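Asks: The following file, my_file_34.cif, comprises mmCIF, C-alpha atoms:
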data_final
loop_
_atom_site.label_atom_id
_atom_site.label_comp_id
_atom_site.auth_asym_id
_atom_site.auth_seq_id
_atom_site.Cartn_x
_atom_site.Cartn_y
_atom_site.Cartn_z
CA MET A 1 0.72 7.30 -42.73
CA ALA A 2 1.12 3.59 -43.51
CA ASP A 3 2.86 3.06 -40.20
CA GLN A 4 0.08 4.92 -38.40
CA ALA A 5 -2.50 2.80 -40.21
CA GLY A 6 -0.57 -0.33 -39.31
CA ARG A 7 -0.53 0.64 -35.66
CA ASN A 8 -4.25 1.36 -35.79
CA VAL A 9 -5.00 -2.05 -37.28
CA ARG A 10 -2.82 -3.76 -34.66
CA ASP A 11 -4.47 -1.77 -31.89
CA LEU A 12 -7.91 -2.74 -33.17
CA ARG A 13 -7.00 -6.43 -33.34
CA ARG A 14 -5.51 -6.29 -29.85
CA SER A 15 -8.64 -4.55 -28.57
CA ASN A 16 -10.91 -7.14 -30.18
CA ARG A 17 -8.79 -9.96 -28.83
CA SER A 18 -8.92 -8.52 -25.32
CA LEU A 19 -12.69 -8.03 -25.55
CA LEU A 20 -13.26 -11.64 -26.57
CA LEU A 21 -10.76 -13.07 -24.09
CA ARG A 22 -12.31 -11.16 -21.17
CA HIS A 23 -15.79 -12.37 -22.11
CA LEU A 24 -14.59 -15.95 -22.33
CA TYR A 25 -12.80 -15.64 -18.99
CA PHE A 26 -15.76 -14.30 -17.04
CA HIS A 27 -18.44 -16.52 -18.57
CA ASP A 28 -18.97 -20.24 -18.79
CA GLN A 29 -18.46 -22.10 -22.03
CA VAL A 30 -19.77 -20.02 -24.93
CA SER A 31 -19.92 -20.44 -28.69
CA ARG A 32 -18.59 -18.18 -31.41
CA GLN A 33 -22.17 -17.07 -32.07
CA ASP A 34 -22.60 -16.18 -28.39
CA LEU A 35 -19.39 -14.15 -28.50
CA SER A 36 -20.56 -12.23 -31.55
CA ARG A 37 -23.89 -11.35 -29.93
CA ALA A 38 -22.30 -10.39 -26.58
CA THR A 39 -19.51 -8.23 -27.98
CA GLY A 40 -21.07 -6.79 -31.14
CA LEU A 41 -18.17 -8.03 -33.27
CA SER A 42 -18.90 -9.63 -36.62
CA THR A 43 -18.91 -13.41 -36.87
CA ALA A 44 -15.92 -13.19 -39.22
CA SER A 45 -13.91 -11.11 -36.73
CA VAL A 46 -14.81 -13.48 -33.91
CA SER A 47 -13.83 -16.52 -35.95
CA ASN A 48 -10.47 -15.02 -36.94
CA VAL A 49 -9.53 -13.90 -33.44
CA VAL A 50 -10.69 -17.15 -31.83
CA ALA A 51 -8.62 -19.10 -34.35
CA GLU A 52 -5.55 -17.07 -33.32
CA MET A 53 -6.18 -17.72 -29.62
CA ILE A 54 -6.71 -21.45 -30.20
CA GLU A 55 -3.45 -21.63 -32.15
CA ALA A 56 -1.70 -19.77 -29.31
CA GLY A 57 -3.04 -22.29 -26.80
CA ILE A 58 -5.01 -19.67 -24.85
CA VAL A 59 -8.49 -20.91 -25.81
CA VAL A 60 -9.68 -24.48 -26.34
CA GLU A 61 -12.80 -26.08 -27.79
CA ALA A 62 -14.77 -27.70 -24.98
CA GLY A 63 -17.55 -29.69 -26.60
CA ALA A 64 -20.64 -28.91 -28.60
CA VAL A 65 -24.35 -28.26 -28.11
CA GLU A 66 -27.18 -28.88 -30.51
CA SER A 67 -28.57 -25.87 -32.35
CA GLU A 68 -32.00 -25.47 -33.90
CA GLY A 69 -31.93 -26.31 -37.58
CA GLY A 70 -28.19 -26.21 -38.03
CA ARG A 71 -24.87 -27.71 -37.14
CA PRO A 72 -23.95 -28.16 -33.47
CA ARG A 73 -22.39 -25.09 -31.90
CA ILE A 74 -18.81 -25.56 -30.69
CA LEU A 75 -18.26 -24.29 -27.16
CA LEU A 76 -15.10 -22.40 -26.21
CA GLU A 77 -13.31 -21.74 -22.95
CA VAL A 78 -10.03 -20.26 -21.74
CA ASP A 79 -7.44 -22.94 -21.04
CA ALA A 80 -7.02 -22.15 -17.35
CA SER A 81 -4.61 -25.04 -16.82
CA ARG A 82 -1.92 -23.76 -19.16
CA PHE A 83 -1.07 -20.61 -17.19
CA GLN A 84 -0.65 -19.93 -13.49
CA VAL A 85 -0.15 -16.89 -11.28
CA ILE A 86 1.15 -16.19 -7.79
CA GLY A 87 -0.64 -14.00 -5.26
CA VAL A 88 1.04 -12.58 -2.16
CA ASP A 89 -0.58 -11.02 0.90
CA VAL A 90 1.97 -9.01 2.88
CA GLY A 91 0.31 -8.93 6.29
CA GLU A 92 1.55 -7.87 9.70
CA THR A 93 1.34 -11.34 11.23
CA HIS A 94 2.39 -13.37 8.20
CA VAL A 95 3.19 -13.27 4.50
CA ARG A 96 0.85 -15.55 2.58
CA VAL A 97 1.92 -16.83 -0.85
CA GLU A 98 -0.52 -18.77 -3.02
CA ARG A 99 -0.20 -20.31 -6.46
CA PHE A 100 -3.33 -20.36 -8.64
CA ASP A 101 -4.33 -21.53 -12.07
CA LEU A 102 -5.60 -18.89 -14.48
CA ALA A 103 -9.16 -19.29 -13.16
CA LEU A 104 -7.85 -18.43 -9.67
CA ASN A 105 -8.34 -21.91 -8.26
CA GLU A 106 -5.80 -22.37 -5.46
CA LEU A 107 -3.10 -24.96 -6.19
CA ALA A 108 -0.62 -24.38 -3.35
CA ARG A 109 -0.20 -22.15 -0.31
CA ALA A 110 2.54 -21.12 2.11
CA ASP A 111 2.25 -18.94 5.22
CA ILE A 112 5.48 -17.36 6.43
CA PRO A 113 5.13 -16.00 10.02
CA MET A 114 6.25 -12.43 10.69
CA SER A 115 7.57 -11.23 14.02
CA ALA A 116 5.78 -8.18 15.43
CA GLY A 117 7.82 -5.03 14.88
CA HIS A 118 10.15 -6.67 12.33
CA TYR A 119 8.80 -5.42 9.02
CA GLU A 120 12.07 -4.35 7.47
CA PRO A 121 11.72 -4.50 3.66
CA GLU A 122 14.56 -7.04 3.41
CA VAL A 123 12.73 -9.33 5.86
CA VAL A 124 9.52 -9.10 3.84
CA VAL A 125 11.32 -9.78 0.54
CA ALA A 126 13.02 -12.82 2.09
CA ALA A 127 9.64 -14.10 3.30
CA ILE A 128 8.17 -13.68 -0.19
CA ALA A 129 11.11 -15.61 -1.69
CA THR A 130 10.62 -18.40 0.85
CA GLY A 131 6.93 -18.56 -0.02
CA ILE A 132 7.51 -18.66 -3.77
CA ALA A 133 9.85 -21.60 -3.35
CA ALA A 134 7.42 -23.31 -0.97
CA VAL A 135 4.50 -23.21 -3.42
CA GLY A 136 6.51 -25.19 -5.95
CA CYS A 137 7.88 -22.76 -8.53
CA ARG A 138 11.15 -23.55 -10.26
CA PRO A 139 13.19 -22.17 -13.19
CA GLY A 140 11.81 -23.65 -16.39
CA ALA A 141 12.97 -24.49 -19.88
CA GLY A 142 13.28 -22.17 -22.82
CA ALA A 143 11.10 -22.35 -25.89
CA ASP A 144 13.40 -24.94 -27.42
CA GLY A 145 13.03 -27.19 -24.37
CA THR A 146 16.54 -26.63 -23.06
CA ALA A 147 17.16 -25.36 -19.54
CA SER A 148 17.74 -21.63 -19.54
CA ASP A 149 17.67 -18.77 -17.09
CA GLY A 150 15.90 -16.82 -19.80
CA GLY A 151 13.09 -19.35 -20.14
CA PRO A 152 9.69 -19.12 -18.54
CA LEU A 153 9.20 -19.86 -14.87
CA VAL A 154 7.05 -22.96 -14.55
CA ALA A 155 5.28 -24.81 -11.78
CA GLY A 156 5.41 -28.52 -11.09
CA GLY A 157 2.79 -29.35 -13.72
CA GLY A 158 4.60 -27.47 -16.46
CA ALA A 159 2.21 -24.48 -16.54
CA GLU A 160 3.82 -21.12 -17.23
CA ILE A 161 3.73 -18.53 -14.44
CA LEU A 162 2.44 -15.20 -15.79
CA GLY A 163 3.57 -13.09 -12.87
CA ILE A 164 3.38 -12.29 -9.18
CA GLY A 165 0.75 -10.00 -7.71
CA ILE A 166 1.44 -8.52 -4.28
CA GLY A 167 -0.99 -6.83 -1.90
CA VAL A 168 0.74 -4.58 0.63
CA PRO A 169 -0.38 -2.33 3.48
CA GLY A 170 -0.21 1.39 2.86
CA ILE A 171 0.09 3.55 -0.24
CA VAL A 172 1.56 2.35 -3.55
CA GLN A 173 3.00 5.18 -5.63
CA GLY A 174 3.31 3.72 -9.10
CA VAL A 175 5.19 6.29 -11.21
CA PRO A 176 7.93 6.07 -12.39
CA GLU A 177 8.55 2.94 -10.31
CA PRO A 178 6.38 1.43 -7.56
CA LEU A 179 7.25 2.80 -4.13
CA VAL A 180 5.42 1.74 -0.98
CA HIS A 181 4.62 4.15 1.86
CA CYS A 182 3.23 2.72 5.11
CA GLN A 183 3.70 4.81 8.25
CA THR A 184 2.35 2.12 10.57
CA ILE A 185 5.21 -0.28 9.76
CA GLY A 186 7.87 2.34 9.09
CA TRP A 187 8.00 2.17 5.28
CA ASP A 188 8.69 5.45 3.49
CA GLY A 189 9.13 5.10 -0.26
CA VAL A 190 10.32 1.48 -0.22
CA PRO A 191 11.28 0.37 -3.79
CA LEU A 192 9.67 -3.03 -3.33
CA GLU A 193 9.53 -4.00 -7.01
CA ALA A 194 13.22 -3.25 -7.48
CA MET A 195 14.04 -5.31 -4.40
CA LEU A 196 11.96 -8.21 -5.69
CA ARG A 197 13.97 -8.23 -8.92
CA THR A 198 16.83 -9.68 -6.87
CA ILE A 199 14.79 -12.84 -6.24
CA THR A 200 12.69 -13.29 -9.38
CA ASP A 201 12.58 -12.37 -13.05
CA LEU A 202 8.80 -12.74 -13.16
CA PRO A 203 6.69 -9.64 -13.86
CA VAL A 204 5.69 -8.11 -10.50
CA PHE A 205 2.45 -6.21 -9.88
CA ILE A 206 1.98 -4.34 -6.59
CA ASP A 207 -1.14 -2.72 -5.14
CA ASN A 208 -2.70 -1.86 -1.81
CA GLY A 209 -4.06 -4.94 -0.02
CA ALA A 210 -7.56 -3.51 0.43
CA THR A 211 -7.68 -2.80 -3.31
CA THR A 212 -6.60 -6.33 -4.23
CA MET A 213 -9.18 -7.76 -1.79
CA GLY A 214 -11.82 -5.59 -3.42
CA GLN A 215 -10.90 -6.80 -6.90
CA ALA A 216 -11.11 -10.44 -5.79
CA GLU A 217 -14.55 -9.84 -4.29
CA MET A 218 -15.63 -8.04 -7.47
CA TRP A 219 -14.52 -10.90 -9.69
CA PHE A 220 -15.51 -13.91 -7.62
CA GLY A 221 -17.23 -12.92 -4.36
CA ALA A 222 -19.65 -10.41 -2.90
CA GLY A 223 -19.17 -7.54 -5.33
CA PRO A 224 -20.12 -8.51 -8.91
CA GLU A 225 -22.29 -6.05 -10.80
CA ALA A 226 -22.00 -3.33 -8.15
CA ALA A 227 -20.34 -0.32 -9.76
CA ASP A 228 -20.13 1.70 -6.53
CA THR A 229 -18.85 -0.37 -3.61
CA VAL A 230 -16.65 0.18 -0.58
CA PHE A 231 -14.53 -2.77 0.56
CA LEU A 232 -13.32 -2.65 4.17
CA LEU A 233 -10.20 -4.58 5.12
CA ILE A 234 -9.92 -5.08 8.88
CA GLY A 235 -6.88 -6.99 10.08
CA SER A 236 -4.21 -5.88 12.51
CA GLY A 237 -4.80 -2.47 10.94
CA VAL A 238 -7.61 -1.07 8.82
CA GLY A 239 -7.94 -0.06 5.17
CA ALA A 240 -10.53 0.39 2.47
CA SER A 241 -10.96 0.36 -1.27
CA VAL A 242 -13.54 2.65 -2.85
CA LEU A 243 -14.94 1.47 -6.17
CA ALA A 244 -16.53 4.35 -8.12
CA GLY A 245 -18.19 3.62 -11.43
CA GLY A 246 -16.61 0.18 -11.51
CA ALA A 247 -13.01 1.37 -11.01
CA PRO A 248 -10.96 1.98 -7.85
CA TYR A 249 -10.94 5.61 -6.77
CA ARG A 250 -7.30 6.33 -5.93
CA GLY A 251 -7.12 10.10 -5.43
CA SER A 252 -4.45 12.51 -6.63
CA SER A 253 -1.53 10.59 -5.07
CA THR A 254 -3.05 7.08 -4.92
CA SER A 255 -3.72 7.30 -1.16
CA ALA A 256 -7.54 7.31 -1.27
CA GLY A 257 -9.11 4.64 0.91
CA GLU A 258 -7.14 5.15 4.13
CA TRP A 259 -10.37 4.74 6.09
CA GLY A 260 -8.50 3.53 9.15
CA HIS A 261 -6.89 6.95 9.54
CA VAL A 262 -9.99 9.12 9.52
CA THR A 263 -10.46 10.75 12.93
CA ALA A 264 -13.00 8.88 15.05
CA VAL A 265 -12.35 10.61 18.38
CA ILE A 266 -10.75 14.05 18.64
CA GLY A 267 -7.77 13.72 20.96
CA GLY A 268 -8.46 10.00 21.32
CA ARG A 269 -6.21 6.96 21.51
CA ARG A 270 -2.78 7.13 19.93
CA CYS A 271 -2.75 5.38 16.55
CA ARG A 272 0.22 3.49 15.17
CA CYS A 273 0.54 6.20 12.50
CA GLY A 274 1.36 8.74 15.23
CA ALA A 275 -1.93 10.65 15.18
CA ARG A 276 -4.62 10.52 17.86
CA GLY A 277 -8.16 9.24 17.54
CA CYS A 278 -7.83 7.33 14.24
CA LEU A 279 -10.53 4.75 13.56
CA GLU A 280 -7.81 2.08 13.39
CA ALA A 281 -7.02 2.79 17.06
CA TYR A 282 -10.48 1.46 17.94
CA ILE A 283 -11.34 -1.29 15.45
CA GLY A 284 -8.07 -2.86 14.24
CA ALA A 285 -7.36 -6.27 15.80
CA GLU A 286 -4.25 -4.97 17.55
CA SER A 287 -6.28 -2.14 19.10
CA VAL A 288 -9.23 -4.32 20.10
CA ILE A 289 -6.85 -6.67 21.94
CA ALA A 290 -5.05 -3.74 23.60
CA ARG A 291 -8.31 -2.17 24.80
CA TYR A 292 -9.50 -5.48 26.21
CA ARG A 293 -6.21 -5.97 28.08
CA GLU A 294 -6.44 -2.46 29.50
CA THR A 295 -10.01 -3.07 30.66
CA VAL A 296 -9.19 -6.29 32.53
CA GLY A 297 -5.91 -4.92 33.85
CA ALA A 298 -3.73 -7.37 31.93
CA ALA A 299 -0.21 -6.55 30.84
CA PRO A 300 0.14 -5.12 27.32
CA ALA A 301 0.83 -7.65 24.58
CA ASP A 302 4.56 -8.27 24.14
CA GLY A 303 4.38 -9.21 20.46
CA THR A 304 4.66 -12.96 20.96
CA GLU A 305 0.91 -13.62 21.09
CA ASP A 306 -1.01 -14.80 18.07
CA GLU A 307 -3.51 -12.02 17.30
CA GLU A 308 -6.12 -14.32 15.79
CA SER A 309 -6.09 -16.61 18.83
CA GLU A 310 -6.32 -13.59 21.16
CA LEU A 311 -9.27 -12.17 19.25
CA ARG A 312 -11.07 -15.52 19.23
CA ARG A 313 -10.55 -15.75 23.00
CA ILE A 314 -12.15 -12.32 23.50
CA LEU A 315 -15.08 -13.31 21.32
CA GLY A 316 -15.43 -16.51 23.33
CA PHE A 317 -15.62 -14.55 26.60
CA ALA A 318 -18.27 -12.24 25.11
CA GLU A 319 -20.42 -15.10 23.86
CA GLY A 320 -20.28 -17.08 27.12
CA ALA A 321 -23.21 -17.14 29.53
CA ARG A 322 -21.16 -16.35 32.65
CA SER A 323 -20.77 -12.79 33.93
CA THR A 324 -17.08 -12.78 34.74
CA PRO A 325 -14.82 -9.72 34.62
CA GLN A 326 -13.37 -11.06 31.36
CA ALA A 327 -16.83 -11.54 29.86
CA ARG A 328 -18.00 -8.05 30.89
CA ALA A 329 -14.83 -6.48 29.53
CA ALA A 330 -15.06 -8.43 26.26
CA ARG A 331 -18.70 -7.41 25.73
CA ALA A 332 -17.97 -3.76 26.46
CA VAL A 333 -14.97 -3.61 24.14
CA LEU A 334 -16.74 -5.44 21.32
CA ASP A 335 -19.85 -3.27 21.61
CA ASP A 336 -17.64 -0.19 21.44
CA THR A 337 -15.89 -1.71 18.40
CA ALA A 338 -19.25 -2.28 16.68
CA LEU A 339 -20.16 1.33 17.50
CA HIS A 340 -17.03 2.68 15.82
CA VAL A 341 -17.36 0.41 12.78
CA GLY A 342 -21.02 1.39 12.38
CA VAL A 343 -20.32 5.11 12.68
CA GLY A 344 -17.45 4.75 10.21
CA ILE A 345 -19.72 2.98 7.72
CA GLY A 346 -22.43 5.60 8.20
CA ASN A 347 -19.88 8.26 7.24
CA LEU A 348 -18.92 6.26 4.15
CA VAL A 349 -22.58 5.98 3.13
CA ASN A 350 -23.04 9.75 3.46
CA LEU A 351 -19.77 10.53 1.67
CA PHE A 352 -19.75 8.01 -1.22
CA ASN A 353 -23.35 6.73 -1.50
CA PRO A 354 -22.22 3.15 -2.31
CA GLU A 355 -24.49 0.33 -3.40
CA ARG A 356 -22.66 -2.05 -1.05
CA VAL A 357 -20.24 -1.97 1.83
CA ILE A 358 -18.32 -5.26 2.02
CA ILE A 359 -16.49 -6.11 5.25
CA GLY A 360 -13.46 -8.39 4.85
CA GLY A 361 -10.03 -9.10 6.26
CA TRP A 362 -9.35 -11.87 8.77
CA ALA A 363 -10.32 -9.74 11.78
CA GLY A 364 -13.24 -8.12 9.97
CA LEU A 365 -14.74 -11.52 9.19
CA LEU A 366 -14.21 -12.70 12.77
CA LEU A 367 -15.67 -9.59 14.37
CA ALA A 368 -18.41 -8.68 11.94
CA GLY A 369 -20.06 -12.11 12.07
CA PRO A 370 -21.44 -11.70 15.61
CA LEU A 371 -21.38 -7.88 15.50
CA LEU A 372 -23.03 -7.33 12.11
CA PRO A 373 -26.58 -6.64 13.41
CA ARG A 374 -25.23 -3.99 15.80
CA ILE A 375 -22.98 -2.53 13.08
CA ARG A 376 -25.95 -2.18 10.72
CA GLU A 377 -28.06 -0.58 13.45
CA VAL A 378 -25.40 2.01 14.28
CA ALA A 379 -24.72 2.72 10.60
CA ARG A 380 -28.45 3.33 10.05
CA GLU A 381 -28.52 5.77 12.99
CA HIS A 382 -25.56 7.75 11.63
CA ALA A 383 -26.33 7.78 7.90
CA LEU A 384 -28.85 9.79 5.94
CA HIS A 385 -32.01 7.71 5.63
CA TYR A 386 -32.38 7.55 1.86
CA PRO A 387 -28.81 6.61 0.87
CA PHE A 388 -28.66 4.10 3.73
CA SER A 389 -31.87 2.46 2.47
CA ARG A 390 -30.10 1.89 -0.85
CA THR A 391 -26.92 0.41 0.66
CA ALA A 392 -26.30 -3.25 1.56
CA ILE A 393 -23.77 -3.98 4.33
CA GLU A 394 -22.39 -7.50 3.85
CA LEU A 395 -19.50 -9.79 4.70
CA GLY A 396 -16.92 -10.74 2.10
CA ARG A 397 -17.36 -14.21 0.66
CA LEU A 398 -13.78 -15.20 -0.12
CA GLY A 399 -12.48 -15.62 3.40
CA PRO A 400 -9.16 -14.47 4.83
CA ASP A 401 -7.18 -15.28 1.66
CA ALA A 402 -9.03 -12.63 -0.39
CA VAL A 403 -6.01 -10.30 -0.41
CA ALA A 404 -3.71 -12.96 -1.91
CA ARG A 405 -6.37 -14.04 -4.39
CA GLY A 406 -6.95 -10.42 -5.31
CA ALA A 407 -3.22 -9.87 -5.73
CA ALA A 408 -3.21 -12.79 -8.17
CA THR A 409 -5.84 -10.98 -10.26
CA LEU A 410 -3.25 -8.31 -11.09
CA PRO A 411 -1.18 -10.45 -13.53
CA VAL A 412 -4.42 -12.07 -14.76
CA ALA A 413 -5.92 -8.64 -15.51
CA ARG A 414 -2.79 -7.67 -17.42
CA PHE A 415 -3.00 -10.92 -19.41
CA LEU A 416 -6.68 -10.33 -20.29
CA ASN A 417 -6.25 -6.66 -21.14
CA SER A 418 -3.37 -7.47 -23.47
CA GLY A 419 -5.39 -10.12 -25.27
CA GLY A 420 -3.25 -12.93 -23.93
CA ALA A 421 0.19 -11.42 -24.45
CA ILE A 422 2.86 -12.57 -22.01
CA ALA A 423 4.49 -9.74 -20.05
CA ALA A 424 8.22 -9.26 -20.58
CA ARG A 425 10.55 -10.63 -17.95
CA THR A 426 13.80 -9.20 -16.63
CA PRO A 427 16.59 -11.29 -18.19
CA ALA A 428 19.16 -13.34 -16.32
CA LEU A 429 17.32 -13.52 -12.99
CA THR A 430 15.59 -16.56 -11.55
CA VAL A 431 13.75 -17.29 -8.35
CA ARG A 432 16.16 -17.92 -5.51
CA HIS A 433 15.39 -19.00 -1.98
CA ARG A 434 16.67 -16.43 0.51
CA THR A 435 17.24 -17.25 4.15
#
Take the structure from the file and write it as structure tokens.

Replies:
Amino acid sequence: MADQAGRNVRDLRRSNRSLLLRHLYFHDQVSRQDLSRATGLSTASVSNVVAEMIEAGIVVEAGAVESEGGRPRILLEVDASRFQVIGVDVGETHVRVERFDLALNELARADIPMSAGHYEPEVVVAAIATGIAAVGCRPGAGADGTASDGGPLVAGGGAEILGIGIGVPGIVQGVPEPLVHCQTIGWDGVPLEAMLRTITDLPVFIDNGATTMGQAEMWFGAGPEAADTVFLLIGSGVGASVLAGGAPYRGSSTSAGEWGHVTAVIGGRRCRCGARGCLEAYIGAESVIARYRETVGAAPADGTEDEESELRRILGFAEGARSTPQARAARAVLDDTALHVGVGIGNLVNLFNPERVIIGGWAGLLLAGPLLPRIREVAREHALHYPFSRTAIELGRLGPDAVARGAATLPVARFLNSGGAIAARTPALTVRHRT
């Protein structure tokens, strides 16, 4: 009974600490009195927990403001400079690795190009290792200040790295160990976390790239305070993250959100997943470029072209004043792309009744800028009137690095939910550069 009571007391303190730490993280400088009012905890509980977090170096006092009829109120904030995180976007054209402080301000970035068709897990892991080294991480010192493989991993400024978050294409099966399934690049149950243990002893957190993008937009971009939102990730391929009641809806086997593989045209174009008529076969960057090349009679892409440059060239043809074959083809293909995106969003509105639909991903941001009015018009025509009238269709605000930033929220979220506890690391492994 005493042990049970002890656990209950520890659980309560950890819960209170997490509650206060999360409030401090997501709000500007606040006082102990503000924390008590916002969380409902007593002033004594707030004072005790805050004192613990100050002693642990997680929270710092950041000045004071005058109060009416009393002593100045001391303002508190999370010490974002003491801890850092790494976010990784595993894309089909490159692997992007970024190092952030705890507030998710970017400190360093590395883009490792990927060759089309060469997505072997070992190649991706090597690219991640190269990126980690490039953003300035190195084995650090132990608690006693001596060099040790068992010490924390630190960045150039001495801040401790809390972990690595990774956004990947496809489905992440998390139990008992993360396995990644992605038909479009040939991954079937890849044990990515286990493979990453060969290059780093940092805690690793893996999730679908559309889901990490959605979390970044929820925390810092277009999605705050919307409990029911659909985030669309359009890059070389297409994905989505469905937020229901403020939490990602994952389905029975964590594969919910594969919007790119709903059937858009029965018996239509062959998709990279092997099926016919998938939405991705009409709106993914790879498919848009292929359809344009077919229309103008150009040879299929051979994998050496830069997709972003190709897509920008098509947009340039469409926006030009001249009526050349390239311009007519570009306009036709882009209008058809807007049609498919709009119909797809109309279906999402009817199915999920979201407050917002946020379009992101590097290709989504490129395409949806000029095509957004047409996309909204088509979505309105294909959605039920009332739910559509209650849905905003917007662009993401964090740019093309939203997946990496969102991946970095994974170790941050673990840190906040644990009340500032540092996740355990696998002993005797350090980051190594693999070539």

Asks: Using all atoms listed in the file, which protein or nucleic acid residues come within 9 Å of Ala423 in chain A? Drop anything in the same chain fewer than 4 positions from it, and give the result as a PyMOL selection string.

Replies: chain A and resi 162-163+202-203+411+414-415+418

Asks: Using all atoms listed in the file, find the one residue out of A:Thr198, A:Ser287, A:Thr337, A:Asn350 that sits nearest to Ala301 in chain A.

Replies: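 Once distances to Ala301 in chain A are computed over all atoms listed in the file, the minimum belongs to A:Ser287.
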
Asks: Out of A:Tyr249, A:Leu233, A:His118, A:Gly165, which residue has the shortest atom-to-atom distance to Thr184 in chain A when counting only C-alpha atoms?

Replies: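 Closest residue, counting only C-alpha atoms: A:His118.
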
Asks: If we count all atoms listed in the file, what is near range 303-314 of chain A at a cut-off of 9 Å, once residues fewer than 6 positions away on the same chain are taken out, given as a VMD selection string?

Replies: chain A and resid 93 115 to 117 236 285 to 286 288 to 289 292 326 to 327 329 to 331 334 362 to 363 366 to 367

Asks: To one decimal in Å, tell me the separation between CA of Gly320 in chain A and CA of Gly396 in chain A.

Replies: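 Spanning CA of Gly320 in chain A to CA of Gly396 in chain A is a straight-line distance of 26.0 Å.
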
Asks: Ranking A:Cys278, A:Val204, A:Ala56, A:Met213 by minimum distance to Ala402 in chain A and counting only C-alpha atoms, which one comes first?

Replies: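 Ranked by minimum distance to Ala402 in chain A, first place goes to A:Met213.
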
Asks: Would you mind reading off the distance between CA of Ala129 in chain A and CA of Asn208 in chain A, one decimal, in Å?

Replies: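 It comes out at 19.5 Å.
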
Asks: Name the residues that the PyMOL selection byres ((chain A and resi 108-110) around 8) pulls out of this structure, and write them as a list of chain:residue names.

Replies: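 Applying the PyMOL selection byres ((chain A and resi 108-110) around 8) to the structure shown produces A:Arg96, A:Val97, A:Glu98, A:Arg99, A:Phe100, A:Glu106, A:Leu107, A:Asp111, A:Ile112, A:Gly131, A:Ala134, A:Val135, A:Gly136.
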
Asks: By how many Å are CA of Thr324 in chain A and CA of Gly297 in chain A apart?

Replies: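 Result for CA of Thr324 in chain A versus CA of Gly297 in chain A: 13.7 Å, one decimal.
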
Asks: Report as a PyMOL selection string the residues that result from applying the PyMOL selection byres ((chain A and resi 128) around 12) to the structure here.

Replies: chain A and resi 86-91+94-98+109-114+121-127+129-135+164-168+192-193+195-200+204+431-435

Asks: With C-alpha atoms retained, write the just-selected residues as a compact mmCIF listing (two decimals), in the coordinates of the input.

Replies:
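Okay, result-v8.txt is ready:
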# COMPACT_ATOMS: atom_id res chain seq x y z
CA ILE A 86 1.15 -16.19 -7.79
CA GLY A 87 -0.64 -14.00 -5.26
CA VAL A 88 1.04 -12.58 -2.16
CA ASP A 89 -0.58 -11.02 0.90
CA VAL A 90 1.97 -9.01 2.88
CA GLY A 91 0.31 -8.93 6.29
CA HIS A 94 2.39 -13.37 8.20
CA VAL A 95 3.19 -13.27 4.50
CA ARG A 96 0.85 -15.55 2.58
CA VAL A 97 1.92 -16.83 -0.85
CA GLU A 98 -0.52 -18.77 -3.02
CA ARG A 109 -0.20 -22.15 -0.31
CA ALA A 110 2.54 -21.12 2.11
CA ASP A 111 2.25 -18.94 5.22
CA ILE A 112 5.48 -17.36 6.43
CA PRO A 113 5.13 -16.00 10.02
CA MET A 114 6.25 -12.43 10.69
CA PRO A 121 11.72 -4.50 3.66
CA GLU A 122 14.56 -7.04 3.41
CA VAL A 123 12.73 -9.33 5.86
CA VAL A 124 9.52 -9.10 3.84
CA VAL A 125 11.32 -9.78 0.54
CA ALA A 126 13.02 -12.82 2.09
CA ALA A 127 9.64 -14.10 3.30
CA ALA A 129 11.11 -15.61 -1.69
CA THR A 130 10.62 -18.40 0.85
CA GLY A 131 6.93 -18.56 -0.02
CA ILE A 132 7.51 -18.66 -3.77
CA ALA A 133 9.85 -21.60 -3.35
CA ALA A 134 7.42 -23.31 -0.97
CA VAL A 135 4.50 -23.21 -3.42
CA ILE A 164 3.38 -12.29 -9.18
CA GLY A 165 0.75 -10.00 -7.71
CA ILE A 166 1.44 -8.52 -4.28
CA GLY A 167 -0.99 -6.83 -1.90
CA VAL A 168 0.74 -4.58 0.63
CA LEU A 192 9.67 -3.03 -3.33
CA GLU A 193 9.53 -4.00 -7.01
CA MET A 195 14.04 -5.31 -4.40
CA LEU A 196 11.96 -8.21 -5.69
CA ARG A 197 13.97 -8.23 -8.92
CA THR A 198 16.83 -9.68 -6.87
CA ILE A 199 14.79 -12.84 -6.24
CA THR A 200 12.69 -13.29 -9.38
CA VAL A 204 5.69 -8.11 -10.50
CA VAL A 431 13.75 -17.29 -8.35
CA ARG A 432 16.16 -17.92 -5.51
CA HIS A 433 15.39 -19.00 -1.98
CA ARG A 434 16.67 -16.43 0.51
CA THR A 435 17.24 -17.25 4.15

Asks: For a cutoff of 6 Å around the file-coordinate point (-6.1, 6.0, 15.3), which residues qualify once you count all atoms listed in the file? I'd like the result as JSON, numbers by chain.

Replies: {"A": [261, 270, 271, 276, 277, 278, 279, 280, 281]}

Asks: Using all atoms listed in the file, which protein or nucleic acid residues come within 9 Å of range 342-346 of chain A? Drop anything in the same chain fewer than 2 positions from it, and give the result as a PyMOL selection string.

Replies: chain A and resi 259+262+264+279+337-340+348-351+357+372+374-384+388+393

Asks: Evaluate the PyMOL selection byres ((chain A and resi 19-32) around 7) and record the selected residues as a list in words, following the chain and residue labels used in the document.

Replies: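 Going through the file, the PyMOL selection byres ((chain A and resi 19-32) around 7) ends up selecting Ser15, Asn16, Arg17, Ser18, Gln33, Asp34, Leu35, Ser36, Val46, Ser47, Arg73, Ile74, Leu75, Leu76, Glu77, Val78, Leu416 and Gly419 of chain A.
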